[in-house]
$ cat my_file-v2.cif   # mmCIF, C-alpha atoms
data_query
loop_
_atom_site.label_atom_id
_atom_site.label_comp_id
_atom_site.auth_asym_id
_atom_site.auth_seq_id
_atom_site.Cartn_x
_atom_site.Cartn_y
_atom_site.Cartn_z
CA MET A 146 19.22 -49.27 -50.57
CA ALA A 147 19.80 -52.89 -49.52
CA GLU A 148 20.23 -53.59 -45.82
CA PRO A 149 23.87 -54.47 -44.93
CA THR A 150 24.55 -58.08 -44.05
CA ALA A 151 25.92 -59.23 -40.69
CA GLU A 152 29.27 -59.90 -42.40
CA GLN A 153 29.38 -56.36 -43.76
CA ILE A 154 28.55 -54.87 -40.32
CA ALA A 155 31.31 -56.95 -38.74
CA GLY A 156 33.70 -55.72 -41.41
CA GLN A 157 32.78 -52.13 -40.66
CA ILE A 158 33.45 -52.61 -36.94
CA ALA A 159 36.77 -54.32 -37.65
CA GLY A 160 37.76 -51.44 -39.89
CA GLN A 161 36.94 -48.93 -37.17
CA ILE A 162 39.02 -50.82 -34.63
CA ALA A 163 41.98 -50.90 -37.02
CA GLY A 164 41.58 -47.18 -37.69
CA GLN A 165 40.83 -47.89 -41.37
CA SER A 166 37.81 -47.28 -43.54
CA ALA A 167 35.43 -50.23 -43.61
CA GLU A 168 34.00 -51.63 -46.82
CA PRO A 169 30.70 -49.88 -47.58
CA PRO A 170 27.49 -51.87 -47.65
CA ALA A 171 26.25 -53.15 -50.97
CA GLY A 172 24.22 -50.77 -53.10
CA PRO A 173 24.59 -47.13 -54.14
CA THR A 174 26.24 -44.78 -51.72
CA THR A 175 27.49 -41.23 -51.60
CA GLY A 176 31.04 -40.16 -50.64
CA PRO A 177 31.76 -39.91 -46.92
CA SER A 178 31.37 -36.51 -45.33
CA ALA A 179 34.22 -34.76 -43.54
CA GLU A 180 32.42 -35.52 -40.27
CA GLY A 181 32.21 -39.19 -41.17
CA ARG A 182 35.89 -39.35 -42.09
CA ALA A 183 36.82 -37.74 -38.77
CA ALA A 184 34.65 -40.20 -36.87
CA ARG A 185 36.32 -43.15 -38.58
CA SER A 186 39.82 -41.78 -37.88
CA ARG A 187 39.10 -41.57 -34.15
CA PRO A 188 39.94 -44.80 -32.24
CA VAL A 189 36.92 -46.54 -30.77
CA ALA A 190 36.35 -49.28 -28.24
CA VAL A 191 33.67 -51.69 -29.40
CA THR A 192 31.56 -54.17 -27.47
CA ILE A 193 29.15 -56.15 -29.63
CA GLY A 194 25.57 -55.30 -28.70
CA ARG A 195 26.45 -51.80 -27.48
CA ARG A 196 27.13 -48.54 -29.25
CA PRO A 197 30.86 -47.92 -29.79
CA GLU A 198 32.30 -45.63 -27.14
CA PRO A 199 35.17 -43.19 -27.72
CA VAL A 200 38.43 -43.93 -25.98
CA HIS A 201 39.71 -41.70 -23.21
CA ASP A 202 42.22 -39.47 -25.02
CA VAL A 203 45.54 -38.86 -23.25
CA ALA A 204 47.91 -36.22 -24.64
CA VAL A 205 51.53 -35.99 -23.49
CA TYR A 206 53.77 -33.01 -24.24
CA ALA A 207 57.16 -33.47 -25.95
CA PHE A 208 59.71 -30.70 -26.20
CA GLU A 209 63.25 -29.90 -27.28
CA GLY A 210 65.87 -31.13 -24.80
CA MET A 211 63.55 -33.39 -22.85
CA ALA A 212 64.69 -36.35 -20.79
CA PRO A 213 63.00 -39.44 -22.28
CA PHE A 214 62.21 -41.36 -19.10
CA GLU A 215 59.09 -39.45 -18.05
CA LEU A 216 57.73 -39.48 -21.61
CA GLY A 217 58.40 -43.23 -21.74
CA VAL A 218 56.44 -43.77 -18.52
CA VAL A 219 53.35 -42.11 -20.00
CA VAL A 220 53.68 -44.07 -23.24
CA GLU A 221 54.15 -47.34 -21.36
CA VAL A 222 51.08 -46.86 -19.17
CA PHE A 223 48.64 -45.26 -21.62
CA GLY A 224 50.01 -46.07 -25.08
CA LEU A 225 50.39 -49.85 -25.09
CA ALA A 226 47.73 -52.31 -26.20
CA ARG A 227 46.42 -54.26 -23.20
CA PRO A 228 45.02 -57.58 -24.44
CA GLU A 229 45.72 -59.11 -21.02
CA LEU A 230 43.01 -56.97 -19.46
CA GLY A 231 40.31 -58.92 -21.26
CA GLY A 232 36.95 -58.51 -19.54
CA LEU A 233 38.32 -56.43 -16.65
CA LEU A 234 37.57 -53.11 -18.35
CA ALA A 235 34.23 -51.50 -17.57
CA ALA A 236 35.12 -48.29 -19.45
CA PRO A 237 37.02 -47.52 -22.66
CA TRP A 238 40.81 -47.75 -22.50
CA TYR A 239 43.12 -44.89 -23.41
CA GLY A 240 44.24 -43.50 -26.73
CA LEU A 241 47.58 -41.68 -26.62
CA LYS A 242 48.81 -38.70 -28.63
CA VAL A 243 52.31 -37.26 -28.32
CA CYS A 244 52.02 -33.50 -28.90
CA ALA A 245 54.52 -30.70 -29.45
CA ASP A 246 54.54 -26.99 -30.22
CA ARG A 247 55.48 -27.78 -33.83
CA PRO A 248 54.22 -31.19 -34.93
CA GLY A 249 56.56 -32.98 -37.31
CA ALA A 250 59.67 -31.08 -36.20
CA ALA A 251 62.61 -33.14 -34.93
CA LEU A 252 63.14 -32.71 -31.19
CA ASP A 253 66.57 -33.44 -29.70
CA ALA A 254 66.28 -35.50 -26.52
CA VAL A 255 68.77 -36.10 -23.74
CA GLY A 256 70.96 -39.04 -24.73
CA GLY A 257 71.75 -38.04 -28.30
CA PHE A 258 68.64 -39.00 -30.26
CA THR A 259 65.68 -37.21 -31.78
CA LEU A 260 61.95 -37.80 -31.72
CA THR A 261 59.08 -36.40 -33.73
CA ALA A 262 55.58 -35.70 -32.40
CA ARG A 263 52.75 -36.14 -34.91
CA HIS A 264 50.28 -33.94 -33.05
CA GLY A 265 50.16 -30.28 -32.07
CA LEU A 266 48.86 -28.22 -29.19
CA ASP A 267 45.31 -28.19 -30.57
CA ASP A 268 45.18 -31.96 -29.96
CA LEU A 269 46.65 -31.47 -26.51
CA ALA A 270 43.99 -28.88 -25.65
CA ALA A 271 41.24 -31.26 -26.84
CA ALA A 272 42.36 -34.32 -24.83
CA ASP A 273 40.59 -35.80 -21.80
CA THR A 274 43.82 -36.08 -19.81
CA VAL A 275 46.88 -33.91 -20.46
CA VAL A 276 50.29 -34.96 -19.09
CA ILE A 277 53.24 -32.56 -18.92
CA PRO A 278 56.34 -34.67 -18.18
CA GLY A 279 58.65 -31.71 -17.66
CA VAL A 280 59.76 -28.33 -18.98
CA ARG A 281 62.93 -27.56 -20.87
CA ASN A 282 64.62 -25.58 -18.11
CA ALA A 283 62.92 -25.14 -14.75
CA PHE A 284 65.65 -22.79 -13.53
CA SER A 285 65.26 -20.34 -16.43
CA GLY A 286 61.49 -20.09 -16.00
CA GLU A 287 61.00 -20.73 -19.72
CA VAL A 288 57.57 -22.20 -20.51
CA SER A 289 56.10 -22.23 -24.01
CA PRO A 290 53.34 -19.57 -24.28
CA GLY A 291 51.47 -21.90 -26.61
CA LEU A 292 51.59 -24.66 -24.01
CA VAL A 293 50.30 -22.31 -21.31
CA GLU A 294 47.34 -21.35 -23.49
CA ALA A 295 46.62 -24.99 -24.41
CA LEU A 296 46.64 -25.98 -20.73
CA ARG A 297 44.19 -23.24 -19.83
CA THR A 298 41.91 -24.24 -22.71
CA ALA A 299 42.02 -27.92 -21.73
CA HIS A 300 41.32 -27.15 -18.08
CA GLU A 301 38.42 -24.82 -18.89
CA ARG A 302 36.73 -27.51 -20.95
CA GLY A 303 37.07 -30.02 -18.08
CA ALA A 304 40.21 -31.98 -18.93
CA ARG A 305 42.33 -33.60 -16.24
CA ILE A 306 45.76 -31.97 -16.08
CA VAL A 307 48.79 -33.91 -14.82
CA SER A 308 52.45 -33.04 -14.32
CA ILE A 309 55.55 -35.13 -13.66
CA CYS A 310 58.72 -33.65 -12.18
CA SER A 311 59.39 -30.12 -13.50
CA GLY A 312 56.13 -30.19 -15.49
CA ALA A 313 54.59 -28.51 -12.43
CA PHE A 314 56.19 -25.26 -13.59
CA ALA A 315 54.04 -25.32 -16.74
CA LEU A 316 50.87 -25.92 -14.70
CA ALA A 317 51.83 -23.13 -12.33
CA ALA A 318 52.56 -20.75 -15.23
CA ALA A 319 49.03 -21.44 -16.51
CA GLY A 320 47.60 -20.59 -13.08
CA LEU A 321 46.25 -24.10 -12.54
CA LEU A 322 48.05 -24.58 -9.22
CA ASP A 323 47.03 -21.30 -7.60
CA ASP A 324 45.78 -21.91 -4.03
CA LYS A 325 46.33 -25.67 -4.42
CA GLU A 326 48.78 -28.09 -2.86
CA ALA A 327 51.28 -29.39 -5.42
CA THR A 328 54.60 -31.17 -5.61
CA THR A 329 57.57 -31.44 -7.92
CA HIS A 330 61.04 -32.97 -7.79
CA TRP A 331 62.60 -32.10 -4.42
CA ARG A 332 65.44 -30.14 -6.05
CA TYR A 333 62.93 -27.80 -7.73
CA ALA A 334 60.52 -27.38 -4.82
CA GLU A 335 61.99 -24.21 -3.31
CA LEU A 336 62.25 -22.58 -6.74
CA LEU A 337 58.64 -23.43 -7.57
CA GLN A 338 57.51 -21.87 -4.28
CA GLN A 339 59.54 -18.70 -4.86
CA ARG A 340 58.38 -18.25 -8.43
CA HIS A 341 54.72 -19.06 -7.73
CA PRO A 342 53.94 -18.02 -4.14
CA ARG A 343 50.23 -18.86 -4.47
CA VAL A 344 51.07 -22.55 -4.87
CA ARG A 345 51.27 -24.59 -1.66
CA VAL A 346 54.37 -26.62 -2.55
CA ASN A 347 54.82 -29.89 -0.63
CA PRO A 348 58.29 -31.29 -1.34
CA ASP A 349 57.84 -34.36 0.86
CA VAL A 350 55.34 -36.45 -1.10
CA LEU A 351 55.32 -38.59 -4.25
CA TYR A 352 52.21 -37.04 -5.77
CA VAL A 353 49.24 -34.79 -4.99
CA ASP A 354 45.74 -35.46 -6.35
CA ASN A 355 43.49 -32.40 -6.48
CA GLY A 356 40.88 -34.14 -8.59
CA ASP A 357 41.24 -32.39 -11.93
CA VAL A 358 44.84 -31.25 -11.39
CA LEU A 359 47.52 -33.70 -10.26
CA THR A 360 51.26 -33.26 -9.73
CA SER A 361 54.06 -35.70 -8.99
CA ALA A 362 57.69 -35.66 -7.97
CA GLY A 363 60.58 -36.74 -10.18
CA SER A 364 60.96 -39.68 -12.53
CA ALA A 365 59.74 -42.84 -10.77
CA ALA A 366 57.02 -40.90 -8.94
CA GLY A 367 55.51 -40.41 -12.39
CA ILE A 368 54.95 -44.17 -12.50
CA ASP A 369 53.10 -44.00 -9.19
CA LEU A 370 50.89 -41.16 -10.39
CA CYS A 371 50.10 -42.80 -13.74
CA LEU A 372 49.11 -46.02 -11.97
CA HIS A 373 47.03 -43.93 -9.57
CA LEU A 374 45.15 -42.52 -12.58
CA VAL A 375 44.52 -46.02 -13.93
CA ARG A 376 43.30 -47.06 -10.48
CA ARG A 377 40.94 -44.07 -10.36
CA ASP A 378 39.60 -44.79 -13.84
CA HIS A 379 39.45 -48.58 -13.88
CA GLY A 380 39.90 -49.95 -10.37
CA ALA A 381 42.58 -51.84 -8.45
CA LYS A 382 42.60 -55.05 -10.51
CA VAL A 383 43.31 -53.22 -13.75
CA ALA A 384 45.96 -51.01 -12.12
CA ASN A 385 47.60 -54.08 -10.57
CA SER A 386 47.68 -55.78 -13.97
CA VAL A 387 49.36 -52.76 -15.55
CA ALA A 388 51.86 -52.61 -12.66
CA ARG A 389 52.60 -56.32 -13.04
CA ARG A 390 53.47 -55.83 -16.71
CA PHE A 391 55.52 -52.78 -15.72
CA VAL A 392 57.23 -54.94 -13.03
CA VAL A 393 56.71 -52.33 -10.30
CA ALA A 394 54.87 -52.20 -7.00
CA PRO A 395 51.14 -51.79 -7.68
CA HIS A 396 50.60 -48.99 -5.16
CA ARG A 397 52.68 -46.49 -3.23
CA ASP A 398 50.79 -43.97 -1.15
CA GLY A 399 51.17 -40.48 -2.60
CA GLY A 400 52.06 -39.20 0.87
CA GLN A 401 55.25 -41.24 1.00
CA ALA A 402 58.47 -39.21 1.15
CA GLN A 403 60.21 -38.81 -2.20
CA PHE A 404 63.76 -38.63 -0.81
CA ILE A 405 65.02 -41.32 1.57
CA GLU A 406 68.41 -40.70 3.20
CA ALA A 407 69.60 -44.30 3.45
CA ALA A 408 72.53 -46.31 2.17
CA VAL A 409 71.82 -49.06 -0.34
CA ARG A 410 73.33 -52.32 0.84
CA PRO A 411 72.61 -55.98 0.14
CA VAL A 412 71.16 -57.91 3.08
CA GLU A 413 70.28 -61.50 3.72
CA GLU A 414 66.53 -61.85 4.18
CA ASP A 415 66.86 -63.67 7.50
CA GLU A 416 69.06 -60.81 8.77
CA ASP A 417 66.73 -58.05 7.60
CA GLY A 418 64.37 -57.43 10.51
CA ILE A 419 62.52 -54.59 8.78
CA ALA A 420 61.67 -56.71 5.72
CA ARG A 421 60.72 -59.63 7.96
CA SER A 422 58.37 -57.46 10.00
CA MET A 423 56.74 -56.02 6.86
CA GLN A 424 56.03 -59.45 5.46
CA TRP A 425 54.69 -60.55 8.85
CA ALA A 426 52.40 -57.51 8.94
CA LEU A 427 51.04 -58.29 5.45
CA ASP A 428 50.18 -61.78 6.68
CA HIS A 429 48.43 -60.38 9.78
CA LEU A 430 46.69 -57.22 8.56
CA SER A 431 43.47 -58.10 10.38
CA ASP A 432 45.32 -58.31 13.72
CA PRO A 433 45.89 -55.31 16.01
CA LEU A 434 49.21 -53.88 14.80
CA THR A 435 51.32 -51.34 16.67
CA VAL A 436 54.92 -50.19 16.44
CA SER A 437 55.72 -52.45 19.41
CA VAL A 438 54.17 -55.48 17.71
CA LEU A 439 56.11 -54.83 14.50
CA ALA A 440 59.33 -54.16 16.41
CA ARG A 441 58.99 -57.54 18.14
CA ALA A 442 58.55 -59.22 14.75
CA ALA A 443 61.78 -57.50 13.66
CA ARG A 444 63.51 -58.36 16.96
CA MET A 445 64.34 -54.70 17.54
CA SER A 446 63.54 -52.09 20.17
CA ASP A 447 60.62 -49.77 19.45
CA ARG A 448 62.84 -46.71 19.07
CA SER A 449 65.37 -48.43 16.81
CA TYR A 450 62.62 -49.99 14.70
CA LEU A 451 60.83 -46.68 14.18
CA ARG A 452 64.06 -44.97 13.13
CA HIS A 453 65.21 -47.71 10.75
CA PHE A 454 61.77 -48.29 9.22
CA THR A 455 61.26 -44.60 8.42
CA ALA A 456 64.78 -44.19 7.02
CA ARG A 457 64.30 -47.21 4.79
CA ASN A 458 60.74 -46.65 3.56
CA GLY A 459 60.23 -42.90 3.72
CA THR A 460 57.11 -43.23 5.85
CA SER A 461 56.20 -44.29 9.38
CA PRO A 462 55.34 -47.94 10.21
CA MET A 463 51.72 -47.18 11.06
CA ARG A 464 51.13 -45.04 7.98
CA TRP A 465 52.53 -47.91 5.92
CA VAL A 466 50.19 -50.35 7.67
CA VAL A 467 47.18 -48.13 6.94
CA THR A 468 48.15 -47.95 3.25
CA GLN A 469 48.49 -51.74 3.05
CA ARG A 470 45.10 -52.20 4.70
CA ILE A 471 43.50 -49.80 2.20
CA ALA A 472 45.17 -51.67 -0.67
CA ALA A 473 43.86 -54.97 0.69
CA SER A 474 40.35 -53.55 0.92
CA LEU A 475 40.12 -52.62 -2.78
CA ALA A 476 39.61 -56.15 -4.08
CA LEU A 477 37.01 -56.76 -1.35
CA LEU A 478 35.11 -53.60 -2.30
CA GLU A 479 35.14 -54.63 -5.96
CA ALA A 480 33.48 -57.94 -5.04
CA PRO A 481 29.71 -57.95 -4.38
CA GLU A 482 29.98 -59.74 -1.04
CA GLY A 483 30.52 -58.05 2.30
CA SER A 484 29.39 -54.77 3.80
CA VAL A 485 31.74 -51.84 4.37
CA GLU A 486 31.71 -52.69 8.08
CA GLU A 487 32.71 -56.31 7.38
CA ILE A 488 35.46 -55.26 4.98
CA ALA A 489 36.81 -52.75 7.50
CA ALA A 490 37.10 -55.49 10.09
CA ALA A 491 38.60 -57.97 7.61
CA VAL A 492 41.54 -55.66 6.84
CA GLY A 493 42.14 -54.65 10.44
CA PHE A 494 40.40 -51.32 11.04
CA GLU A 495 38.81 -50.83 14.44
CA SER A 496 35.60 -49.44 12.97
CA ALA A 497 33.94 -48.54 9.68
CA ALA A 498 34.33 -44.86 10.59
CA THR A 499 38.10 -45.25 10.93
CA PHE A 500 38.18 -47.17 7.66
CA ARG A 501 36.24 -44.44 5.85
CA HIS A 502 38.53 -41.73 7.25
CA HIS A 503 41.74 -43.39 6.12
CA PHE A 504 40.26 -44.58 2.82
CA GLY A 505 39.26 -40.99 1.99
CA ARG A 506 42.76 -39.72 2.79
CA VAL A 507 44.52 -42.30 0.62
CA MET A 508 42.04 -42.77 -2.25
CA ARG A 509 40.34 -39.34 -2.28
CA THR A 510 36.91 -40.97 -2.35
CA SER A 511 34.73 -43.01 0.00
CA PRO A 512 34.56 -46.83 0.15
CA THR A 513 30.93 -46.69 -1.00
CA ALA A 514 31.73 -44.45 -3.97
CA TYR A 515 34.68 -46.68 -4.90
CA ARG A 516 32.45 -49.77 -4.78
CA ARG A 517 29.81 -48.01 -6.86
CA SER A 518 32.40 -47.19 -9.53
CA PHE A 519 34.37 -50.43 -9.61
CA GLY A 520 32.25 -53.10 -7.93
CA ARG A 521 31.22 -56.12 -9.95
CA GLY A 522 27.49 -56.73 -9.69
CA VAL A 523 27.06 -54.05 -7.02
CA ALA A 524 24.20 -51.58 -7.45
#

$ encode --input "my_file-v2.cif" --output "structure tokens"
Amino acid sequence: MAEPTAEQIAGQIAGQIAGQSAEPPAGPTTGPSAEGRAARSRPVAVTIGRRPEPVHDVAVYAFEGMAPFELGVVVEVFGLARPELGGLLAAPWYGLKVCADRPGAALDAVGGFTLTARHGLDDLAAADTVVIPGVRNAFSGEVSPGLVEALRTAHERGARIVSICSGAFALAAAGLLDDKEATTHWRYAELLQQRHPRVRVNPDVLYVDNGDVLTSAGSAAGIDLCLHLVRRDHGAKVANSVARRFVVAPHRDGGQAQFIEAAVRPVEEDEDGIARSMQWALDHLSDPLTVSVLARAARMSDRSYLRHFTARNGTSPMRWVVTQRIAASLALLEAPEGSVEEIAAAVGFESAATFRHHFGRVMRTSPTAYRRSFGRGVA
């Protein structure tokens, strides 16, 4: 059989990327096998000169009576094409499948419209990351038995399991949260603890990362957790790019409080001492920063500053400073220059040991491991 030309090979690759069958090479050929057809139907990420790599499959669960926001968050983060990322990706991007108990059936959503999922629970169980954006009724305790079984199957084969809002009830029903810390929307937290006493429910955080099982609080906290997953998989620059297109803050520490008891009121920037002090701190991260220093920048007493800052931001001033220093360190770790000790000093930590401690708490990995995964030109 004649060797395929370069043009024919390029055509085959283009066909794979488009999810279509490529033109066969010239000469006699047999019909494609079922295995070959399946391989061509699976999305691939292609870099010329390397073997095509499979995408990272994300499956999100859709159900009757669901609120569309959380589903939309998952679709926005993992389902959109990302041409703006260009050469930033060092690993394949995501392929998204919306899955339901009965694929093809119309599902009524909150707001008076219907949606149809093309994929079933077998696809959900086979995905690399599974996202449960809620359950139909957290108060009734109703969780699809098929979903519970699919979650257990996915987890046993090594998938990453994620919940948003009331989706934690499905993970708990599958036993995936037993003896783990987890969170959910604050209004469901007490119920989750009562119904699943082995779960260590923390109602005061945006999300909890247990490595292969992650949970988040309601609605907007799902954005934070999805961006956290992108940051884990692809690094800070990619996550920041996705956040920029999303028009949201690129990083909120998962330990931030989910419910802030504060009135919403417009303020003039020059009258807003808290905002002024936060901007000043971002411009002076390498300086020694204390509550007293920040309070002076805000022209407030220490006690008043601490109270107003926490009420407004849902976290303490110094915890916020630590999170901003960690965020500032990510780009430095991704660059080949600078030791961990030098980076720690550059973002304001007293020592490399202190930097490593706080980095591990916020990022759930070490600075060296992060650099190894996401550093450019770093061995």

$ resolve_selection --input "my_file-v2.cif" --expression "the PyMOL selection byres ((chain A and resi 485) around 10)" --output "ChimeraX atom specification"
/A:474,477-478,482-484,486-491,496-498,500-501,512-513,516

$ resolve_selection --input "my_file-v2.cif" --expression "the PyMOL selection byres ((chain A and resi 264-280) around 6)" --output "number ranges by chain"
A: 202-206, 215, 244-246, 248, 262-263, 281-282, 295, 298-299, 304-312

$ closest_residue --input "my_file-v2.cif" --among "A:Asp354, A:Leu427, A:His379, A:Lys325" --to "Gly505 in chain A" --atoms "all atoms listed in the file"
A:Asp354

$ closest_residue --input "my_file-v2.cif" --among "A:Leu233, A:Leu225, A:Ala388, A:Val466" --to "Trp425 in chain A" --atoms "all atoms listed in the file"
A:Val466

$ atom_distance --input "my_file-v2.cif" --atom1 "CA of Thr360 in chain A" --atom2 "CA of Leu241 in chain A"
19.2 Å

$ resolve_selection --input "my_file-v2.cif" --expression "the PyMOL selection byres ((chain A and resi 323) around 12)" --output "short mmCIF file (atom, residue, chain, number, x, y, z; two decimals) with C-alpha atoms, keeping the file's coordinate frame"
data_model
loop_
_atom_site.label_atom_id
_atom_site.label_comp_id
_atom_site.auth_asym_id
_atom_site.auth_seq_id
_atom_site.Cartn_x
_atom_site.Cartn_y
_atom_site.Cartn_z
CA ALA A 313 54.59 -28.51 -12.43
CA PHE A 314 56.19 -25.26 -13.59
CA LEU A 316 50.87 -25.92 -14.70
CA ALA A 317 51.83 -23.13 -12.33
CA ALA A 318 52.56 -20.75 -15.23
CA ALA A 319 49.03 -21.44 -16.51
CA GLY A 320 47.60 -20.59 -13.08
CA LEU A 321 46.25 -24.10 -12.54
CA LEU A 322 48.05 -24.58 -9.22
CA ASP A 324 45.78 -21.91 -4.03
CA LYS A 325 46.33 -25.67 -4.42
CA GLU A 326 48.78 -28.09 -2.86
CA ALA A 327 51.28 -29.39 -5.42
CA LEU A 337 58.64 -23.43 -7.57
CA GLN A 338 57.51 -21.87 -4.28
CA ARG A 340 58.38 -18.25 -8.43
CA HIS A 341 54.72 -19.06 -7.73
CA PRO A 342 53.94 -18.02 -4.14
CA ARG A 343 50.23 -18.86 -4.47
CA VAL A 344 51.07 -22.55 -4.87
CA ARG A 345 51.27 -24.59 -1.66
CA VAL A 346 54.37 -26.62 -2.55
CA ASN A 355 43.49 -32.40 -6.48
CA VAL A 358 44.84 -31.25 -11.39
#

$ atom_distance --input "my_file-v2.cif" --atom1 "CA of Ala426 in chain A" --atom2 "CA of Pro462 in chain A"
10.1 Å

$ residues_around --input "my_file-v2.cif" --residues "Arg452 in chain A" --least-positions-apart "4" --cutoff "12 Å" --atoms "only C-alpha atoms" --output "list in words"
Glu406, Ala407, Ile419, Val436, Ala440, Met445, Ser446, Asp447, Arg448, Ala456, Arg457, Asn458, Gly459, Thr460, Ser461 and Pro462 of chain A

$ residues_around --input "my_file-v2.cif" --residues "range 367-375 of chain A" --least-positions-apart "3" --cutoff "7 Å" --atoms "all atoms listed in the file" --output "VMD selection string"
chain A and resid 215 218 222 309 352 361 to 364 378 to 379 384 396 to 397

$ atom_distance --input "my_file-v2.cif" --atom1 "CA of Ala365 in chain A" --atom2 "CA of Thr328 in chain A"
13.8 Å
